[in-house]
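Below is model31.txt, which holds compact mmCIF, C-alpha atoms.
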# COMPACT_ATOMS: atom_id res chain seq x y z
CA MET A 1 44.85 96.55 81.61
CA LYS A 2 45.36 94.78 84.97
CA LYS A 3 48.91 93.94 83.92
CA GLY A 4 49.65 97.65 83.26
CA LYS A 5 48.26 98.70 86.68
CA PHE A 6 50.32 95.98 88.35
CA LEU A 7 53.56 97.19 86.64
CA VAL A 8 52.81 100.82 87.62
CA THR A 9 52.23 99.73 91.24
CA VAL A 10 55.49 97.72 91.32
CA PHE A 11 57.40 100.63 89.77
CA ALA A 12 55.92 103.10 92.26
CA PHE A 13 56.76 100.81 95.18
CA ALA A 14 60.37 100.33 93.97
CA SER A 15 60.73 104.11 93.51
CA LEU A 16 59.53 104.72 97.06
CA ILE A 17 62.07 102.24 98.45
CA LEU A 18 64.90 103.94 96.54
CA LEU A 19 63.72 107.39 97.60
CA TYR A 20 63.49 106.28 101.24
CA GLY A 21 67.08 105.05 101.13
CA CYS A 22 68.28 108.37 99.67
CA ILE A 23 66.35 110.48 102.19
CA ASN A 24 67.56 108.51 105.23
CA ASN A 25 71.14 108.42 103.92
CA ASN A 26 71.66 104.79 104.98
CA GLU A 27 75.42 104.66 104.54
CA GLY A 28 77.74 102.26 106.27
CA PRO A 29 80.59 103.38 108.52
CA MET A 30 83.42 105.39 107.00
CA GLY A 31 86.43 103.30 106.06
CA PRO A 32 90.05 104.27 106.62
CA PRO A 33 91.47 106.99 104.37
CA GLY A 34 93.35 105.79 101.34
CA ASN A 35 92.96 104.84 97.74
CA ALA A 36 91.22 101.66 96.59
CA ASN A 37 93.40 101.57 93.47
CA VAL A 38 96.67 101.57 95.41
CA LYS A 39 98.07 98.71 97.47
CA PHE A 40 101.33 98.71 99.35
CA PHE A 41 103.22 96.54 101.76
CA THR A 42 106.65 96.13 103.28
CA TYR A 43 108.67 92.94 103.35
CA THR A 44 112.18 91.94 104.38
CA ILE A 45 114.76 90.00 102.38
CA TYR A 46 117.04 88.24 104.84
CA PRO A 47 120.65 87.31 103.87
CA ASN A 48 119.78 83.62 103.43
CA ASP A 49 116.78 84.46 101.20
CA TRP A 50 118.96 85.55 98.26
CA LEU A 51 119.26 82.94 95.51
CA ALA A 52 122.36 82.63 93.34
CA SER A 53 121.89 82.88 89.60
CA ASN A 54 124.03 81.41 86.83
CA ASP A 55 125.90 84.73 86.83
CA PRO A 56 128.32 84.71 89.81
CA ASN A 57 127.79 88.47 90.25
CA LEU A 58 124.01 88.29 90.56
CA TRP A 59 121.62 87.16 93.30
CA TYR A 60 117.85 87.51 93.29
CA PHE A 61 114.76 87.22 95.45
CA ASP A 62 111.21 86.62 94.18
CA LYS A 63 108.13 87.37 96.28
CA ARG A 64 104.63 86.21 95.42
CA CYS A 65 102.25 89.17 95.30
CA ASP A 66 98.60 88.69 94.41
CA TYR A 67 98.20 92.47 93.95
CA VAL A 68 100.36 92.39 90.80
CA THR A 69 97.72 91.16 88.40
CA PRO A 70 98.13 91.02 84.61
CA ASP A 71 96.21 94.36 84.44
CA ILE A 72 98.76 95.97 86.78
CA VAL A 73 101.59 94.60 84.64
CA ASP A 74 99.96 95.92 81.44
CA TYR A 75 98.47 99.24 82.61
CA GLY A 76 99.58 100.07 86.15
CA ALA A 77 102.84 100.67 87.94
CA VAL A 78 104.87 99.07 90.70
CA LEU A 79 107.23 101.29 92.66
CA PHE A 80 109.97 99.83 94.85
CA TYR A 81 111.75 101.51 97.74
CA LEU A 82 114.59 100.28 99.97
CA LYS A 83 114.77 101.32 103.62
CA GLU A 84 118.06 103.10 104.13
CA THR A 85 119.53 101.82 107.39
CA SER A 86 122.81 103.70 107.86
CA GLY A 87 121.23 106.34 110.08
CA LYS A 88 118.81 108.38 107.96
CA LEU A 89 116.09 105.70 107.98
CA SER A 90 114.63 107.15 104.78
CA TRP A 91 113.38 105.27 101.71
CA ILE A 92 115.54 105.03 98.57
CA SER A 93 113.88 104.57 95.19
CA LEU A 94 114.92 101.44 93.30
CA PRO A 95 116.78 100.81 91.09
CA THR A 96 119.82 102.22 92.84
CA THR A 97 123.58 101.84 92.47
CA SER A 98 126.26 102.19 95.15
CA LEU A 99 129.99 102.60 94.74
CA TYR A 100 132.60 100.85 96.89
CA ARG A 101 136.35 100.35 96.70
CA ASP A 102 138.48 97.26 97.10
CA ASN A 103 142.29 97.81 97.11
CA GLY A 104 141.75 101.22 95.51
CA GLN A 105 139.67 99.82 92.64
CA ALA A 106 136.06 101.06 92.30
CA TYR A 107 133.16 98.60 91.96
CA THR A 108 129.42 98.96 92.12
CA THR A 109 126.50 97.15 93.63
CA GLU A 110 122.99 97.51 92.28
CA TYR A 111 119.46 96.76 93.40
CA GLN A 112 117.33 96.12 90.31
CA PRO A 113 113.58 95.57 90.85
CA TRP A 114 111.07 94.19 88.40
CA HIS A 115 107.63 92.68 88.46
CA SER A 116 105.64 90.18 86.49
CA ASP A 117 102.26 88.52 86.96
CA TYR A 118 101.84 87.90 90.71
CA THR A 119 105.57 88.32 91.40
CA LEU A 120 107.84 91.04 92.77
CA SER A 121 111.54 90.51 92.19
CA ILE A 122 114.76 92.16 93.31
CA GLN A 123 118.16 91.48 91.77
CA TRP A 124 121.40 92.27 93.58
CA ILE A 125 124.39 92.77 91.28
CA ASP A 126 128.02 93.25 92.39
CA THR A 127 130.56 94.15 89.68
CA HIS A 128 133.64 92.85 91.52
CA PRO A 129 135.21 90.39 89.05
CA THR A 130 136.76 87.96 91.55
CA ASN A 131 135.03 88.48 94.89
CA PRO A 132 131.44 89.67 94.39
CA ARG A 133 129.53 90.34 97.60
CA LYS A 134 126.12 88.98 98.43
CA PRO A 135 123.96 91.08 100.81
CA THR A 136 124.67 90.11 104.42
CA TRP A 137 122.08 92.48 105.90
CA ASN A 138 118.29 92.57 106.11
CA CYS A 139 116.90 94.44 103.09
CA VAL A 140 113.56 96.08 103.90
CA ILE A 141 111.56 96.70 100.72
CA LYS A 142 108.34 98.65 100.28
CA ALA A 143 106.33 97.94 97.13
CA ILE A 144 103.57 100.31 96.02
CA ILE A 145 101.24 98.77 93.44
CA ILE A 146 99.19 101.30 91.47
CA ALA A 147 96.29 100.57 89.15
CA ASP A 148 96.05 102.53 85.90
CA TYR A 149 93.90 105.43 87.14
CA PRO A 150 96.13 106.63 90.05
CA ASN A 151 99.17 106.01 87.87
CA SER A 152 97.70 108.42 85.30
CA ILE A 153 97.07 111.00 88.03
CA ILE A 154 100.67 110.72 89.27
CA LYS A 155 101.94 111.30 85.74
CA ALA A 156 99.55 114.24 85.21
CA LYS A 157 100.60 115.90 88.49
CA GLY A 158 104.27 115.53 87.57
CA ILE A 159 105.08 113.54 90.72
CA ASP A 160 108.67 112.31 90.86
CA VAL A 161 108.20 108.59 91.54
CA ARG A 162 111.80 108.41 92.80
CA ASN A 163 110.81 110.75 95.65
CA TYR A 164 109.19 108.59 98.33
CA GLU A 165 107.62 111.55 100.18
CA GLN A 166 105.98 112.90 97.00
CA VAL A 167 104.50 109.50 96.13
CA ILE A 168 103.19 108.87 99.66
CA SER A 169 101.60 112.32 99.72
CA ALA A 170 100.07 112.07 96.23
CA LEU A 171 98.52 108.67 96.98
CA ASN A 172 97.35 109.63 100.49
CA LEU A 173 99.30 106.78 102.10
CA SER A 174 100.69 106.66 105.61
CA ALA A 175 104.45 107.17 105.59
CA THR A 176 104.85 105.18 108.79
CA GLU A 177 103.50 101.85 107.55
The structure given in the file should be rewritten as structure tokens.
Amino acid sequence: MKKGKFLVTVFAFASLILLYGCINNNEGPMGPPGNANVKFFTYTIYPNDWLASNDPNLWYFDKRCDYVTPDIVDYGAVLFYLKETSGKLSWISLPTTSLYRDNGQAYTTEYQPWHSDYTLSIQWIDTHPTNPRKPTWNCVIKAIIIADYPNSIIKAKGIDVRNYEQVISALNLSATE
């Protein structure tokens, strides 16, 4: 009988503590706006950072990224954008292909992104058969890493992931960072 009264007293005391916390609304300070399931950052690939592959037309750059966990690889999404620097200063969705001419002949260059566990990668491909170009400029890349839940919301809302402004708005991210 004493054991039962003791348990009732402990339960009543614990209930009062919980109720007191709810009534006084003891919340911490508000954090910055955003989405806990979305991480993003910007990094620069400098001309000397590109590594040659066995294919003379292909260079690549790998960046360690702890945000790209196996769960992100299996269930989330990673979006890549390149800062356009010829005057517009907008963000271009990757992959992207550009056309250029050499002695009247058309060739292409491509940025091809991919990701794997803890790694973000960019490939640069130039189709010129005898004189492929390697990037000689600073390539500013923004990676947006999305866990499964926000990725599902983006798909449900019909957001065009190639449109940087739509993605930034849908994920409540600052476009200036």
*Atom-to-atom span, CA of His128 in chain A and CA of Ile92 in chain A, Å*: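 Interatomic distance here is 22.9 Å.
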_So that I can check the surroundings of range 129-141 of chain A, please list as a ChimeraX atom specification every protein, DNA and RNA residue that reaches within 12 Å of it, counting only C-alpha atoms and ignoring chain neighbours fewer than 3 positions away._
/A:40-53,55-61,63,79-86,89-95,100-102,105-113,120-126,144,177
_Long-range neighbours of Ser116 in chain A as a list of chain:residue names, 8 Å cut-off, all atoms listed in the file, 3 positions minimum in chain_ =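 Using all atoms listed in the file, the neighbours found are A:Val68, A:Pro70, A:Val73, A:Thr119, A:Leu120.
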*asked:* Between CA of Tyr164 in chain A and CA of Ser98 in chain A, what is the distance in Å, rounded to a tenth?
replied: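 Going from CA of Tyr164 in chain A over to CA of Ser98 in chain A covers 18.5 Å.
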*One decimal, Å: what's the distance from CA of Lys39 in chain A over to CA of Ile145 in chain A, could you say?*
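According to the coordinates, CA of Lys39 in chain A and CA of Ile145 in chain A are separated by 5.1 Å.
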*Near Asp71 in chain A, counting all atoms listed in the file, which residues have an atom at most 10 Å away, once you skip same-chain residues fewer than 4 positions from it, shown as a ChimeraX atom specification?*
/A:67,75-77,117,147-148
